[in-house]
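my_file_34.cif, holding mmCIF, C-alpha atoms, pLDDT in the B column; chains and numbers go by the auth columns:
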data_protein
loop_
_atom_site.group_PDB
_atom_site.id
_atom_site.type_symbol
_atom_site.label_atom_id
_atom_site.label_comp_id
_atom_site.label_asym_id
_atom_site.label_seq_id
_atom_site.Cartn_x
_atom_site.Cartn_y
_atom_site.Cartn_z
_atom_site.B_iso_or_equiv
_atom_site.auth_seq_id
_atom_site.auth_asym_id
ATOM 1 C CA MET A 1 79.025 85.885 127.316 78.00 1453 A
ATOM 2 C CA TYR A 2 78.270 87.108 130.795 75.00 1454 A
ATOM 3 C CA THR A 3 77.147 85.082 133.785 76.00 1455 A
ATOM 4 C CA HIS A 4 76.446 87.245 136.842 80.00 1456 A
ATOM 5 C CA THR A 5 77.968 90.019 138.917 83.00 1457 A
ATOM 6 C CA LEU A 6 80.717 88.962 141.327 81.00 1458 A
ATOM 7 C CA THR A 7 81.535 90.937 144.468 79.00 1459 A
ATOM 8 C CA ILE A 8 85.030 90.655 145.948 76.00 1460 A
ATOM 9 C CA PRO A 9 84.625 91.370 149.689 66.00 1461 A
ATOM 10 C CA SER A 10 88.276 90.820 150.572 58.00 1462 A
ATOM 11 C CA TYR A 11 89.673 93.603 148.349 55.00 1463 A
ATOM 12 C CA GLY A 12 89.454 96.329 150.957 59.00 1464 A
ATOM 13 C CA GLN A 13 87.472 97.386 153.979 58.00 1465 A
ATOM 14 C CA THR A 14 86.773 100.846 152.571 61.00 1466 A
ATOM 15 C CA GLN A 15 86.296 100.035 148.885 75.00 1467 A
ATOM 16 C CA THR A 16 83.871 97.833 146.966 84.00 1468 A
ATOM 17 C CA LEU A 17 85.248 95.836 144.057 88.00 1469 A
ATOM 18 C CA ARG A 18 82.811 94.085 141.711 92.00 1470 A
ATOM 19 C CA LEU A 19 82.889 92.341 138.356 94.00 1471 A
ATOM 20 C CA VAL A 20 79.885 93.518 136.376 94.00 1472 A
ATOM 21 C CA ALA A 21 78.349 93.073 132.926 94.00 1473 A
ATOM 22 C CA PRO A 22 80.056 94.722 129.941 95.00 1474 A
ATOM 23 C CA SER A 23 77.998 97.449 128.290 95.00 1475 A
ATOM 24 C CA PRO A 24 78.414 99.564 125.150 95.00 1476 A
ATOM 25 C CA ALA A 25 77.690 102.531 127.435 96.00 1477 A
ATOM 26 C CA TYR A 26 81.245 102.188 128.780 96.00 1478 A
ATOM 27 C CA ALA A 27 82.801 102.946 125.371 95.00 1479 A
ATOM 28 C CA PRO A 28 83.734 106.578 126.166 95.00 1480 A
ATOM 29 C CA ILE A 29 85.800 105.297 129.105 94.00 1481 A
ATOM 30 C CA THR A 30 87.393 102.266 127.484 93.00 1482 A
ATOM 31 C CA THR A 31 88.229 104.139 124.269 92.00 1483 A
ATOM 32 C CA GLN A 32 90.409 106.479 126.338 90.00 1484 A
ATOM 33 C CA TRP A 33 92.297 103.468 127.709 90.00 1485 A
ATOM 34 C CA ILE A 34 93.043 101.856 124.368 85.00 1486 A
ATOM 35 C CA HIS A 35 94.418 105.079 122.903 84.00 1487 A
ATOM 36 C CA ARG A 36 97.211 105.128 125.494 83.00 1488 A
ATOM 37 C CA PRO A 37 100.264 103.188 124.233 79.00 1489 A
ATOM 38 C CA GLU A 38 101.472 102.441 127.745 78.00 1490 A
ATOM 39 C CA VAL A 39 98.149 100.691 128.425 75.00 1491 A
ATOM 40 C CA THR A 40 97.976 98.613 125.240 73.00 1492 A
ATOM 41 C CA GLN A 41 101.659 97.815 124.699 70.00 1493 A
ATOM 42 C CA TYR A 42 101.287 94.276 126.052 68.00 1494 A
ATOM 43 C CA LEU A 43 97.802 93.434 124.748 70.00 1495 A
ATOM 44 C CA GLY A 44 99.010 91.776 121.570 66.00 1496 A
ATOM 45 C CA ALA A 45 97.222 94.027 119.049 67.00 1497 A
ATOM 46 C CA ASP A 46 97.222 97.586 117.726 69.00 1498 A
ATOM 47 C CA PHE A 47 94.204 99.485 119.040 74.00 1499 A
ATOM 48 C CA SER A 48 95.395 102.984 118.146 73.00 1500 A
ATOM 49 C CA GLN A 49 92.988 103.389 115.219 78.00 1501 A
ATOM 50 C CA MET A 50 89.887 102.165 117.029 85.00 1502 A
ATOM 51 C CA THR A 51 87.065 104.685 117.251 91.00 1503 A
ATOM 52 C CA GLU A 52 84.441 104.958 119.955 92.00 1504 A
ATOM 53 C CA GLU A 53 82.006 103.359 117.515 93.00 1505 A
ATOM 54 C CA ASP A 54 84.415 100.418 117.128 92.00 1506 A
ATOM 55 C CA GLU A 55 84.603 100.103 120.893 92.00 1507 A
ATOM 56 C CA VAL A 56 80.803 100.090 121.207 95.00 1508 A
ATOM 57 C CA ALA A 57 80.759 97.090 118.868 94.00 1509 A
ATOM 58 C CA HIS A 58 83.595 95.437 120.818 92.00 1510 A
ATOM 59 C CA LEU A 59 81.766 95.806 124.140 94.00 1511 A
ATOM 60 C CA GLN A 60 78.594 94.399 122.645 95.00 1512 A
ATOM 61 C CA ASN A 61 80.580 91.458 121.282 94.00 1513 A
ATOM 62 C CA MET A 62 81.895 90.781 124.784 93.00 1514 A
ATOM 63 C CA LEU A 63 78.280 90.037 125.705 93.00 1515 A
ATOM 64 C CA ASP A 64 77.349 88.153 122.531 94.00 1516 A
ATOM 65 C CA ASP A 65 80.442 86.009 121.891 95.00 1517 A
ATOM 66 C CA ASP A 66 79.835 82.433 123.079 95.00 1518 A
ATOM 67 C CA ASP A 67 83.573 81.643 123.108 97.00 1519 A
ATOM 68 C CA ARG A 68 84.351 83.827 126.126 96.00 1520 A
ATOM 69 C CA TYR A 69 83.049 85.083 129.454 96.00 1521 A
ATOM 70 C CA SER A 70 83.589 88.782 130.109 96.00 1522 A
ATOM 71 C CA TRP A 71 83.263 91.228 132.987 96.00 1523 A
ATOM 72 C CA MET A 72 84.077 94.871 133.647 95.00 1524 A
ATOM 73 C CA ILE A 73 86.039 95.595 136.827 95.00 1525 A
ATOM 74 C CA GLU A 74 84.211 98.184 138.936 94.00 1526 A
ATOM 75 C CA ARG A 75 85.607 99.881 142.036 92.00 1527 A
ATOM 76 C CA ASP A 76 83.257 102.023 144.105 90.00 1528 A
ATOM 77 C CA GLY A 77 80.970 102.418 141.088 91.00 1529 A
ATOM 78 C CA GLU A 78 83.779 103.400 138.676 93.00 1530 A
ATOM 79 C CA ILE A 79 84.783 101.155 135.758 95.00 1531 A
ATOM 80 C CA VAL A 80 88.544 100.624 136.043 95.00 1532 A
ATOM 81 C CA GLY A 81 89.235 97.623 133.814 94.00 1533 A
ATOM 82 C CA ASN A 82 87.989 94.421 132.278 94.00 1534 A
ATOM 83 C CA ILE A 83 88.701 90.721 132.531 95.00 1535 A
ATOM 84 C CA GLU A 84 87.655 87.733 130.490 95.00 1536 A
ATOM 85 C CA ILE A 85 88.193 84.042 129.913 97.00 1537 A
ATOM 86 C CA ASN A 86 88.482 83.643 126.149 96.00 1538 A
ATOM 87 C CA GLU A 87 89.586 81.159 123.448 96.00 1539 A
ATOM 88 C CA ILE A 88 87.503 78.500 125.212 97.00 1540 A
ATOM 89 C CA ARG A 89 87.051 76.193 122.225 98.00 1541 A
ATOM 90 C CA LYS A 90 90.685 76.419 121.087 97.00 1542 A
ATOM 91 C CA LEU A 91 92.171 75.792 124.512 98.00 1543 A
ATOM 92 C CA SER A 92 89.671 73.077 125.391 98.00 1544 A
ATOM 93 C CA ARG A 93 90.954 71.209 122.332 98.00 1545 A
ATOM 94 C CA LYS A 94 94.566 71.926 123.323 97.00 1546 A
ATOM 95 C CA TYR A 95 94.244 70.614 126.882 97.00 1547 A
ATOM 96 C CA GLY A 96 91.538 68.002 126.378 98.00 1548 A
ATOM 97 C CA VAL A 97 89.412 69.507 129.161 98.00 1549 A
ATOM 98 C CA THR A 98 87.248 72.626 129.435 98.00 1550 A
ATOM 99 C CA ALA A 99 89.811 75.441 129.408 98.00 1551 A
ATOM 100 C CA GLY A 100 90.165 79.128 128.604 97.00 1552 A
ATOM 101 C CA ALA A 101 92.679 81.962 128.567 96.00 1553 A
ATOM 102 C CA PHE A 102 92.758 84.954 130.863 91.00 1554 A
ATOM 103 C CA CYS A 103 92.872 88.480 129.450 90.00 1555 A
ATOM 104 C CA THR A 104 92.970 91.291 132.013 91.00 1556 A
ATOM 105 C CA LEU A 105 93.246 95.058 131.574 90.00 1557 A
ATOM 106 C CA ILE A 106 93.428 97.777 134.211 91.00 1558 A
ATOM 107 C CA GLY A 107 92.733 100.821 132.082 90.00 1559 A
ATOM 108 C CA ASP A 108 94.242 103.870 133.784 88.00 1560 A
ATOM 109 C CA PRO A 109 97.903 103.633 134.859 88.00 1561 A
ATOM 110 C CA LYS A 110 97.039 105.523 138.056 90.00 1562 A
ATOM 111 C CA ASN A 111 95.228 102.343 139.146 90.00 1563 A
ATOM 112 C CA TRP A 112 98.134 99.985 138.457 87.00 1564 A
ATOM 113 C CA GLY A 113 99.931 98.291 141.316 85.00 1565 A
ATOM 114 C CA GLN A 114 96.889 98.287 143.614 87.00 1566 A
ATOM 115 C CA GLY A 115 95.990 94.604 143.337 86.00 1567 A
ATOM 116 C CA LEU A 116 92.930 95.188 141.138 90.00 1568 A
ATOM 117 C CA GLY A 117 93.984 92.732 138.447 89.00 1569 A
ATOM 118 C CA SER A 118 95.041 90.043 140.913 88.00 1570 A
ATOM 119 C CA SER A 119 91.807 90.365 142.889 89.00 1571 A
ATOM 120 C CA ALA A 120 89.784 90.119 139.678 91.00 1572 A
ATOM 121 C CA LYS A 121 91.741 87.047 138.548 90.00 1573 A
ATOM 122 C CA GLN A 122 91.110 85.349 141.883 91.00 1574 A
ATOM 123 C CA ALA A 123 87.383 86.013 141.669 91.00 1575 A
ATOM 124 C CA VAL A 124 87.078 84.808 138.085 93.00 1576 A
ATOM 125 C CA CYS A 125 89.161 81.699 138.848 93.00 1577 A
ATOM 126 C CA ASN A 126 86.867 80.933 141.767 92.00 1578 A
ATOM 127 C CA TRP A 127 83.842 81.293 139.505 93.00 1579 A
ATOM 128 C CA ALA A 128 85.449 79.281 136.673 95.00 1580 A
ATOM 129 C CA PHE A 129 86.394 76.316 138.831 95.00 1581 A
ATOM 130 C CA SER A 130 83.466 76.266 141.254 92.00 1582 A
ATOM 131 C CA GLU A 131 80.603 77.290 138.944 92.00 1583 A
ATOM 132 C CA GLY A 132 81.766 77.590 135.348 94.00 1584 A
ATOM 133 C CA GLY A 133 82.814 73.996 134.732 96.00 1585 A
ATOM 134 C CA PHE A 134 86.418 74.840 133.812 97.00 1586 A
ATOM 135 C CA ALA A 135 89.291 72.456 134.520 98.00 1587 A
ATOM 136 C CA MET A 136 92.197 74.597 133.289 98.00 1588 A
ATOM 137 C CA ILE A 137 92.985 78.297 132.914 97.00 1589 A
ATOM 138 C CA GLU A 138 95.876 79.509 130.772 97.00 1590 A
ATOM 139 C CA ALA A 139 97.472 82.931 131.048 95.00 1591 A
ATOM 140 C CA LYS A 140 100.219 84.495 128.939 92.00 1592 A
ATOM 141 C CA ALA A 141 102.415 87.518 129.529 91.00 1593 A
ATOM 142 C CA TYR A 142 105.002 89.130 127.313 90.00 1594 A
ATOM 143 C CA VAL A 143 108.492 88.158 128.455 92.00 1595 A
ATOM 144 C CA GLN A 144 109.291 91.813 129.108 89.00 1596 A
ATOM 145 C CA ASN A 145 106.074 92.405 131.093 88.00 1597 A
ATOM 146 C CA ILE A 146 107.631 91.459 134.415 90.00 1598 A
ATOM 147 C CA ARG A 147 104.816 92.971 136.493 86.00 1599 A
ATOM 148 C CA SER A 148 102.248 90.737 134.813 88.00 1600 A
ATOM 149 C CA TRP A 149 104.050 87.401 135.036 89.00 1601 A
ATOM 150 C CA ASN A 150 105.232 88.100 138.571 92.00 1602 A
ATOM 151 C CA ALA A 151 101.566 88.559 139.537 89.00 1603 A
ATOM 152 C CA LEU A 152 100.661 85.210 137.944 92.00 1604 A
ATOM 153 C CA GLU A 153 103.415 83.459 139.880 94.00 1605 A
ATOM 154 C CA ARG A 154 102.265 85.015 143.158 91.00 1606 A
ATOM 155 C CA LEU A 155 98.763 83.692 142.451 91.00 1607 A
ATOM 156 C CA GLY A 156 100.082 80.147 142.110 93.00 1608 A
ATOM 157 C CA TYR A 157 100.101 79.709 138.334 95.00 1609 A
ATOM 158 C CA ARG A 158 102.605 77.199 136.971 97.00 1610 A
ATOM 159 C CA TYR A 159 105.113 78.376 134.362 97.00 1611 A
ATOM 160 C CA THR A 160 105.020 76.027 131.364 97.00 1612 A
ATOM 161 C CA GLY A 161 107.383 77.655 128.873 97.00 1613 A
ATOM 162 C CA ILE A 162 107.866 80.273 126.165 96.00 1614 A
ATOM 163 C CA GLU A 163 105.520 80.711 123.205 94.00 1615 A
ATOM 164 C CA GLN A 164 106.692 82.650 120.153 93.00 1616 A
ATOM 165 C CA GLY A 165 104.438 84.568 117.823 86.00 1617 A
ATOM 166 C CA GLU A 166 103.982 87.705 115.768 82.00 1618 A
ATOM 167 C CA VAL A 167 102.063 90.893 116.532 77.00 1619 A
ATOM 168 C CA ALA A 168 101.749 93.689 113.945 73.00 1620 A
ATOM 169 C CA GLY A 169 104.625 92.169 111.989 79.00 1621 A
ATOM 170 C CA GLU A 170 106.947 92.005 114.990 80.00 1622 A
ATOM 171 C CA ALA A 171 108.235 88.800 116.571 88.00 1623 A
ATOM 172 C CA VAL A 172 107.138 88.448 120.202 88.00 1624 A
ATOM 173 C CA LYS A 173 107.615 85.982 123.037 92.00 1625 A
ATOM 174 C CA TRP A 174 105.143 85.160 125.790 92.00 1626 A
ATOM 175 C CA ARG A 175 105.655 83.355 129.073 95.00 1627 A
ATOM 176 C CA VAL A 176 102.863 80.786 129.362 96.00 1628 A
ATOM 177 C CA TYR A 177 101.267 79.804 132.674 97.00 1629 A
ATOM 178 C CA THR A 178 98.489 77.431 133.641 97.00 1630 A
ATOM 179 C CA LEU A 179 96.326 76.802 136.675 97.00 1631 A
ATOM 180 C CA ALA A 180 94.493 73.489 136.933 97.00 1632 A
ATOM 181 C CA ARG A 181 91.433 72.985 139.113 95.00 1633 A
ATOM 182 C CA ALA A 182 93.284 70.513 141.336 94.00 1634 A
ATOM 183 C CA ASP A 183 96.043 73.070 141.992 95.00 1635 A
ATOM 184 C CA TRP A 184 93.521 75.848 142.579 94.00 1636 A
ATOM 185 C CA GLU A 185 91.855 73.785 145.300 91.00 1637 A
ATOM 186 C CA GLU A 186 95.106 73.906 147.296 90.00 1638 A
ATOM 187 C CA LEU A 187 95.553 77.685 147.103 89.00 1639 A
ATOM 188 C CA SER A 188 94.872 79.768 150.203 82.00 1640 A
ATOM 189 C CA TRP A 189 92.705 82.258 148.302 80.00 1641 A
ATOM 190 C CA ALA A 190 90.542 79.680 146.519 78.00 1642 A
ATOM 191 C CA LYS A 191 86.763 79.798 146.979 59.00 1643 A
ATOM 192 C CA HIS A 192 86.781 82.329 149.770 53.00 1644 A
ATOM 193 C CA ARG A 193 87.192 85.583 147.903 46.00 1645 A
ATOM 194 C CA MET A 194 84.143 86.132 145.801 44.00 1646 A
ATOM 195 C CA MET A 195 80.413 85.896 146.135 44.00 1647 A
ATOM 196 C CA PRO A 196 77.470 86.675 143.869 44.00 1648 A
ATOM 197 C CA ALA A 197 76.200 90.199 144.224 44.00 1649 A
ATOM 198 C CA PRO A 198 72.788 90.510 145.903 42.00 1650 A
#

What would you get if you wrote out this structure as structure tokens?
Amino acid sequence: MYTHTLTIPSYGQTQTLRLVAPSPAYAPITTQWIHRPEVTQYLGADFSQMTEEDEVAHLQNMLDDDDRYSWMIERDGEIVGNIEINEIRKLSRKYGVTAGAFCTLIGDPKNWGQGLGSSAKQAVCNWAFSEGGFAMIEAKAYVQNIRSWNALERLGYRYTGIEQGEVAGEAVKWRVYTLARADWEELSWAKHRMMPAP
């Protein structure tokens, strides 16, 4: 599903960062991302065999799937990543309140370390808690993905423990974090860092 475009005015004085609707037209860009092992190594699935046609279907499903909300991350008119709140039904049952899981990807490594993912997470959290009716957001990061879980901790997420699983036949461990609406309301960045696009 998709709700509306979000503009993030605080990202930078010289750059415009927006969260916009997914579109199958972005498949030539996103297919390049998912064929880079360094980009997909922590996504929890093997995307190496996906074709551009597969990615067209995936992008369309981001719009059609009623168990997630999805956006593309756009900087100065260029698509640089995507973000979504997914597994809404599963996690709402788990926590007993309306909940979902974050999944964030900054596609090209040249754009890593610039705060794009954190800014997008802030904007989507603000939407989720102020407009979307969510009470809890969960986020997971591979234990070895220090950059990712450090970013979650800086944003104020609470570490809740280790979850074990299996990806492509290999045992994996994730660090699990949560952010409740009540905790979000106390964060310095809450509410003030996103606005609907005109």

Expected selection from the PyMOL selection byres ((chain A and resi 1582) around 12), given as a list of chain:residue names: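 On this input, the PyMOL selection byres ((chain A and resi 1582) around 12) captures A:Gln1574, A:Ala1575, A:Val1576, A:Cys1577, A:Asn1578, A:Trp1579, A:Ala1580, A:Phe1581, A:Glu1583, A:Gly1584, A:Gly1585, A:Phe1586, A:Ala1587, A:Met1588, A:Arg1633, A:Ala1634, A:Trp1636, A:Glu1637, A:Ala1642, A:Lys1643, A:His1644, A:Met1646, A:Met1647.
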
Could you state the separation of atom CA of A:Met1502 and atom CA of A:Gly1621 in Å, given to one decimal place?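 Computing it gives 18.5 Å between the two atoms.
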
Please write the residues picked by the PyMOL selection byres ((chain A and resi 1522) around 6) on this file as a list in words.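 Given this file, the PyMOL selection byres ((chain A and resi 1522) around 6) evaluates to Tyr1454, Met1514, Tyr1521, Trp1523, Ile1535 and Glu1536 of chain A.
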
Nearby residues (only C-alpha atoms) at most 7 Å from A:Val1472, same-chain spacing under 6 positions excluded, as a PDB file with C-alpha atoms, keeping the file's coordinate frame:
ATOM      1  CA  THR A1457      77.968  90.019 138.917  1.00 83.00           C
ATOM      2  CA  LEU A1458      80.717  88.962 141.327  1.00 81.00           C
ATOM      3  CA  TRP A1523      83.263  91.228 132.987  1.00 96.00           C
ATOM      4  CA  MET A1524      84.077  94.871 133.647  1.00 95.00           C
ATOM      5  CA  ILE A1525      86.039  95.595 136.827  1.00 95.00           C
ATOM      6  CA  GLU A1526      84.211  98.184 138.936  1.00 94.00           C
TER       7      GLU A1526
END

With all atoms listed in the file as the basis for distance, which of A:Met1453, A:Ile1481, A:Leu1515, A:Val1628 is at the shortest distance from A:Glu1590?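 When distances to A:Glu1590 are compared using all atoms listed in the file, the smallest one comes from A:Val1628.
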
Among the residues A:Gln1493, A:Thr1556, A:Thr1503, A:Val1549, the one that comes closest to A:Tyr1594 [using all atoms listed in the file]: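 Among the listed residues, A:Gln1493 lies closest to A:Tyr1594.
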
Selection result of the PyMOL selection byres ((chain A and resi 1468) around 6) on this file, as a ChimeraX atom specification: /A:1467,1469,1527-1528

What is the atom CA of A:Leu1604 to atom CA of A:His1456 distance in Å?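 Atom CA of A:Leu1604 sits 24.3 Å away from atom CA of A:His1456.
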
Pick out the residues sitting within 10 Å of A:Lys1542, and hand them over as a PyMOL selection string; count all atoms listed in the file, and ignore anything fewer than 6 positions along from it in its own chain. chain A and resi 1519+1548+1550-1553

Under the rule that all atoms listed in the file are counted, which of A:Ala1620, A:Leu1471, A:Leu1511, A:Ile1589 is the nearest residue to A:Glu1530?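 Between A:Ala1620, A:Leu1471, A:Leu1511, A:Ile1589, the residue approaching A:Glu1530 most closely is A:Leu1471.
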
Restricting the calculation to only C-alpha atoms, which member of A:Asp1560, A:Glu1618, A:Asp1517, A:Glu1605 is positioned closest to A:Val1491?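 Of A:Asp1560, A:Glu1618, A:Asp1517, A:Glu1605, the one nearest A:Val1491 is A:Asp1560, counting only C-alpha atoms.
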
Got a sec: who's within 7 Å of A:Gln1616, counting all atoms listed in the file, leaving out chain neighbours fewer than 4 positions off, as a VMD selection string? chain A and resid 1624 to 1626

Counting all atoms listed in the file, closest pick from A:Lys1592, A:Val1532, A:Leu1607, A:Asn1597 relative to A:Pro1561 is A:Val1532

Which of these residues is nearest to A:Gly1533, using all atoms listed in the file: A:Leu1639, A:His1510, A:Ala1572, A:Phe1554?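 Checking each of A:Leu1639, A:His1510, A:Ala1572, A:Phe1554 against A:Gly1533, counting all atoms listed in the file, the winner is A:Ala1572.
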
Do you have the atom CA of A:Ile1486-atom CA of A:Trp1564 distance handy?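 Going from atom CA of A:Ile1486 over to atom CA of A:Trp1564, I get 15.1 Å.
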